[in-house]
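Visitor: I'd like to ask some things about the structure below.
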Amino acid sequence: MMDWTDRHYRRFVRGLTRRALLYSEMVTAGAVLHGDRERLLGHDEVEHPVALQLGGDDPARLAEAAAVAVAWGYDEVNLNVGCPSDRVQRGRFGACLMAEPDLVADAVRAMRAAVPVPVTVKHRLGIDELDDDDHLHAFVGGLAAAGVDRVVVHARKAWLTGLSPRQNRSVPPLQHERVVALKAAFPGLPVEANGGVRDLDTALDHLRRVDGVMIGRAAIEDPFLLAGVDRRVFGEAWPPPTRAEAVLAYLSYVEERRAAGTPWTALVKPVIPLLRGVRGARGWRRTLSEGATRRDAGPELLAAALAALPDDVALARGVAPPDDVAIAHEPALRREPASGPVPRRAPGGW
Ligand SMILES: Cc1cc2nc3c(=O)[nH]c(=O)nc-3n(C[C@H](O)[C@H](O)[C@H](O)COP(=O)(O)O)c2cc1C
């Protein structure tokens, strides 16, 4: 998600879930090919598994950019066919590509041939008047024939004129039943549902019918919900982390990045919503935001804000149902590349 799921966010939420696949912000193929790669693609080893989302409309350039992404260590390349913003439309990519199924299929084919990791597409149910299941299924059929490894379906259409990107995330109604019908039509293709998932109960409910769930806004507005993912979604036995553990796991990174000159506001942004709706949230937000005026704001300030939290908030474990309701969900969220597993830090290394 633009302006949110940057490397700092991803590094921080790895303290909450080791298993969820994390996605980057969208980066255009042109930027990957000609821009500052360290700034656009640089990430921490701990972030894996992590997908790079690309925007673009030129199969050859997308393939080239995908190869660069893999050289930089990304575990998956995802193509954005869901963003409706004017800027993106002017570049002729994002959601408007739903009107050009052959071009998107060509892009998938080219990326598939260029990289050994999964190539996935995030798209809408439709755009404007191109919004029926015939079109949707033909679009996805083309992707499947081109070798797409998974589709992520934002379960609403987009109106390309008349609605802002923000309105396009809430005004067109969610139609998750159409994602389920899509899965039924393509039983062999992993289908991930996205849109309106605010809690893990809802995510688990979707997982009875589709292969994966992408959580967008709730993962930035209430990141602590991710603390229950490994146990509840993946059936992992390790204890769900506490807020304190997640912050402590992030401190050394804050120290490192501050020393390298990263602004405090960028580092603290993902941490501020950690206390959504619980006691101490206001003081937490105030302390961390006030830090923005201090030149020396750094890990000590974060540690002090943590120490000021009520114990029951700092030390509460993320959603921890009884073990017998945890379900082992074999993740369709990612597949190992054909050439073998991507080396990544073993659990425990975060
Ligand atoms: C601030 C913001 C930035 C977003 N940036 C992207 C993006 O870069 N790529 C993308 O595919 N979707 C992006 N989205 C859309 C989300 O990924 C998601 O599809 C949408 O918000 C619906 O899911 P949700 O109800 O779980 O939030 C963005 C959403 C928000 C709120």
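Residues in the structure tokens are numbered from 1 in each chain, the chains being A, B, ... in the order shown, and ligands are numbered from 1 in the order shown.
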Pick out the residues sitting within 7 Å of Lys122 (chain A), and hand them over as an NGL selection string; count only C-alpha atoms, and ignore anything fewer than 6 positions along from it in its own chain.

Guide: :A and (78-82 or 151-153)

Visitor: Only C-alpha atoms, please: the residues just picked out, written as an mmCIF file, in the first residue's frame.

Guide:
```
data_model
loop_
_atom_site.group_PDB
_atom_site.id
_atom_site.type_symbol
_atom_site.label_atom_id
_atom_site.label_comp_id
_atom_site.auth_asym_id
_atom_site.auth_seq_id
_atom_site.Cartn_x
_atom_site.Cartn_y
_atom_site.Cartn_z
ATOM 1 C CA ASN A 78 2.832 -9.047 -8.178
ATOM 2 C CA LEU A 79 1.334 -6.954 -10.969
ATOM 3 C CA ASN A 80 -1.052 -4.153 -10.046
ATOM 4 C CA VAL A 81 -4.245 -4.240 -12.105
ATOM 5 C CA GLY A 82 -6.374 -2.678 -9.401
ATOM 6 C CA VAL A 151 -4.675 -13.980 -8.392
ATOM 7 C CA VAL A 152 -5.574 -11.538 -5.643
ATOM 8 C CA VAL A 153 -9.053 -10.173 -6.182
#
```

Visitor: Check every protein, DNA and RNA residue against ligand 1, keep those with an atom at most 10 Å away (counting only C-alpha atoms and all ligand atoms), and present them as a PyMOL selection string.

Guide: chain A and resi 1-5+23-27+53-55+78-84+94-95+121-124+152-156+165-166+168-170+174+193-199+213-221

Visitor: DSSP on the backbone: what in region 225-285 of chain A comes out helix (DSSP H, G or I), as a ChimeraX atom specification?

Guide: /A:225-232,243-259,264-268,272-275,281-285

Visitor: Residues of the last selection are to be written out with C-alpha atoms, as a CSV table (one decimal), in the first residue's frame.

Guide:
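Output contents, as saved in selection30.csv:
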```
chain,number,residue,atom,x,y,z
A,225,LEU,CA,-4.4,-8.0,14.6
A,226,LEU,CA,-1.4,-9.6,12.8
A,227,ALA,CA,-0.2,-11.0,16.1
A,228,GLY,CA,-2.8,-13.7,15.8
A,229,VAL,CA,-2.1,-14.7,12.3
A,230,ASP,CA,0.6,-17.3,12.8
A,231,ARG,CA,-1.4,-19.2,15.4
A,232,ARG,CA,-4.9,-18.9,14.0
A,243,ARG,CA,3.1,-5.6,21.8
A,244,ALA,CA,6.2,-5.3,23.9
A,245,GLU,CA,7.9,-8.1,22.1
A,246,ALA,CA,7.1,-6.5,18.7
A,247,VAL,CA,8.4,-3.1,19.7
A,248,LEU,CA,11.6,-4.6,21.3
A,249,ALA,CA,12.2,-6.6,18.1
A,250,TYR,CA,12.0,-3.3,16.2
A,251,LEU,CA,14.3,-1.2,18.4
A,252,SER,CA,17.7,-2.3,17.1
A,253,TYR,CA,16.4,-1.6,13.6
A,254,VAL,CA,15.3,1.9,14.6
A,255,GLU,CA,18.8,2.5,16.1
A,256,GLU,CA,20.5,1.3,12.9
A,257,ARG,CA,18.3,3.4,10.6
A,258,ARG,CA,18.4,6.5,12.7
A,259,ALA,CA,22.2,6.3,12.6
A,264,TRP,CA,12.1,9.4,13.0
A,265,THR,CA,8.7,10.1,11.5
A,266,ALA,CA,9.2,7.4,8.8
A,267,LEU,CA,10.4,4.8,11.4
A,268,VAL,CA,7.7,5.5,14.0
A,272,ILE,CA,1.8,4.5,16.2
A,273,PRO,CA,-1.4,2.5,15.5
A,274,LEU,CA,-0.1,-0.5,17.6
A,275,LEU,CA,-2.4,0.6,20.5
A,281,ALA,CA,-3.2,4.7,23.2
A,282,ARG,CA,-3.4,8.5,23.5
A,283,GLY,CA,-0.2,8.9,25.5
A,284,TRP,CA,1.6,6.4,23.2
A,285,ARG,CA,0.6,8.4,20.1
```

Visitor: Using only C-alpha atoms, which residue out of A:Asp106, A:Glu47, A:Asp36, A:Glu177 lies closest to Arg61 (chain A)?

Guide: A:Asp106

Visitor: Tell me, which residues of region 173-327 of chain A carry DSSP strand (DSSP E), written as a list in words?

Guide: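 The strand (DSSP E) subset of region 173-327 of chain A is Val191, Glu192, Ala193, Asn194, Gly212, Val213 and Met214 of chain A.
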
Visitor: Pick the closest to Ala146 (chain A) from A:Pro173, A:Pro101, A:Gly15, A:Gly73: which is it, counting only C-alpha atoms?

Guide: A:Pro101

Visitor: Which distance in Å separates CA of Gly141 (chain A) and CA of Glu129 (chain A), to one decimal?

Guide: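 Those two atoms sit 19.3 Å apart.
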
Visitor: Compile a residue-level contact table for region 167-219 of chain A against region 134-139 of chain A at a cut-off of 12 Å, reporting for every qualifying residue the shortest atom pair and its distance in Å to one decimal, with only C-alpha atoms counted, rows ordered by chain and ascending number, as JSON lines.

Guide:
```
{"residue": "A:Arg178", "atom": "CA", "partner": "A:Leu136", "partner_atom": "CA", "distance": 9.4}
{"residue": "A:Val179", "atom": "CA", "partner": "A:Leu136", "partner_atom": "CA", "distance": 9.8}
{"residue": "A:Val180", "atom": "CA", "partner": "A:His137", "partner_atom": "CA", "distance": 11.9}
{"residue": "A:Ala181", "atom": "CA", "partner": "A:His137", "partner_atom": "CA", "distance": 9.5}
{"residue": "A:Leu182", "atom": "CA", "partner": "A:His137", "partner_atom": "CA", "distance": 6.7}
{"residue": "A:Lys183", "atom": "CA", "partner": "A:His137", "partner_atom": "CA", "distance": 9.8}
{"residue": "A:Ala184", "atom": "CA", "partner": "A:His137", "partner_atom": "CA", "distance": 10.7}
{"residue": "A:Ala185", "atom": "CA", "partner": "A:His137", "partner_atom": "CA", "distance": 7.7}
{"residue": "A:Phe186", "atom": "CA", "partner": "A:His137", "partner_atom": "CA", "distance": 8.7}
```

Visitor: For the residues in that selection, give me C-alpha atoms as a PDB file, in the first residue's frame.

Guide:
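Done, and the output landed in out-v3.pdb:
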```pdb
ATOM      1  CA  ARG A 178     -18.138 -13.377  -7.000  1.00  0.00           C
ATOM      2  CA  VAL A 179     -14.617 -14.219  -5.805  1.00  0.00           C
ATOM      3  CA  VAL A 180     -15.931 -17.536  -4.520  1.00  0.00           C
ATOM      4  CA  ALA A 181     -17.588 -18.186  -7.905  1.00  0.00           C
ATOM      5  CA  LEU A 182     -14.297 -17.343  -9.602  1.00  0.00           C
ATOM      6  CA  LYS A 183     -12.510 -19.904  -7.437  1.00  0.00           C
ATOM      7  CA  ALA A 184     -15.163 -22.494  -8.347  1.00  0.00           C
ATOM      8  CA  ALA A 185     -14.586 -21.752 -12.033  1.00  0.00           C
ATOM      9  CA  PHE A 186     -10.792 -22.121 -11.659  1.00  0.00           C
TER      10      PHE A 186
END
```

Visitor: Nearest to Arg317 (chain A) among A:Arg19, A:Val46, A:Thr293, A:Pro239, with distances taken over only C-alpha atoms: which residue is it?

Guide: A:Pro239

Visitor: Please report the interatomic distance between CA of Gly147 (chain A) and CA of Pro187 (chain A) in Å with one decimal.

Guide: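 Between CA of Gly147 (chain A) and CA of Pro187 (chain A) the gap is 14.5 Å.
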
Visitor: I'd like the contact shell of Asp128 (chain A) - 12 Å cut-off, only C-alpha atoms, skipping same-chain residues fewer than 5 positions apart - returned as a list in words.

Guide: Pro84, Ala95, Cys96, Leu97, Met98, Ala99, His135, Arg156, Lys157, Ala158, Trp159, Leu160, Thr161, Gly162, Leu163, Asn168 and Pro172 of chain A

Visitor: Keeping N, CA and C atoms for every residue in the selection just given, could you write it to a file as a JSON list (two decimals), in the first residue's frame?

Guide:
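As written to disk, out.json reads:
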```
[["chain", "number", "residue", "atom", "x", "y", "z"],
["A", 84, "PRO", "N", -7.04, 2.59, -9.41],
["A", 84, "PRO", "CA", -7.82, 3.39, -10.34],
["A", 84, "PRO", "C", -7.40, 4.85, -10.43],
["A", 95, "ALA", "N", -5.86, -0.43, -12.76],
["A", 95, "ALA", "CA", -7.16, -1.06, -13.02],
["A", 95, "ALA", "C", -7.59, -0.97, -14.48],
["A", 96, "CYS", "N", -7.16, 0.11, -15.19],
["A", 96, "CYS", "CA", -7.63, 0.24, -16.58],
["A", 96, "CYS", "C", -7.16, -0.93, -17.44],
["A", 97, "LEU", "N", -6.15, -1.66, -17.01],
["A", 97, "LEU", "CA", -5.69, -2.81, -17.78],
["A", 97, "LEU", "C", -6.69, -3.97, -17.76],
["A", 98, "MET", "N", -7.70, -3.87, -16.91],
["A", 98, "MET", "CA", -8.73, -4.92, -16.95],
["A", 98, "MET", "C", -9.46, -4.90, -18.29],
["A", 99, "ALA", "N", -9.36, -3.77, -19.01],
["A", 99, "ALA", "CA", -9.98, -3.70, -20.34],
["A", 99, "ALA", "C", -9.05, -4.28, -21.41],
["A", 135, "HIS", "N", -16.76, -11.36, -18.33],
["A", 135, "HIS", "CA", -15.51, -10.63, -18.55],
["A", 135, "HIS", "C", -14.46, -11.04, -17.52],
["A", 156, "ARG", "N", -14.41, -5.80, -5.35],
["A", 156, "ARG", "CA", -15.33, -4.75, -5.82],
["A", 156, "ARG", "C", -14.82, -4.23, -7.15],
["A", 157, "LYS", "N", -15.73, -3.67, -7.91],
["A", 157, "LYS", "CA", -15.32, -3.06, -9.17],
["A", 157, "LYS", "C", -14.72, -1.69, -8.90],
["A", 158, "ALA", "N", -14.15, -1.09, -9.92],
["A", 158, "ALA", "CA", -13.68, 0.29, -9.81],
["A", 158, "ALA", "C", -14.36, 1.11, -10.91],
["A", 159, "TRP", "N", -14.75, 2.32, -10.55],
["A", 159, "TRP", "CA", -15.23, 3.27, -11.55],
["A", 159, "TRP", "C", -14.05, 4.17, -11.89],
["A", 160, "LEU", "N", -13.67, 4.16, -13.15],
["A", 160, "LEU", "CA", -12.46, 4.90, -13.52],
["A", 160, "LEU", "C", -12.69, 6.39, -13.68],
["A", 161, "THR", "N", -13.96, 6.78, -13.83],
["A", 161, "THR", "CA", -14.22, 8.22, -13.84],
["A", 161, "THR", "C", -15.27, 8.50, -12.77],
["A", 162, "GLY", "N", -15.10, 9.64, -12.12],
["A", 162, "GLY", "CA", -16.14, 10.07, -11.18],
["A", 162, "GLY", "C", -15.86, 9.72, -9.73],
["A", 163, "LEU", "N", -15.04, 8.71, -9.49],
["A", 163, "LEU", "CA", -14.72, 8.37, -8.10],
["A", 163, "LEU", "C", -13.23, 8.54, -7.86],
["A", 168, "ASN", "N", -13.15, 4.67, -4.45],
["A", 168, "ASN", "CA", -13.13, 3.37, -5.12],
["A", 168, "ASN", "C", -12.75, 2.23, -4.18],
["A", 172, "PRO", "N", -18.10, 1.35, -4.44],
["A", 172, "PRO", "CA", -18.63, 0.14, -5.09],
["A", 172, "PRO", "C", -18.74, -0.98, -4.04]]
```

Visitor: Restricting the calculation to only C-alpha atoms, which member of A:Ala63, A:Ala71, A:His8, A:Gly30 is positioned closest to Asp44 (chain A)?

Guide: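 Among the listed residues, A:His8 lies closest to Asp44 (chain A).
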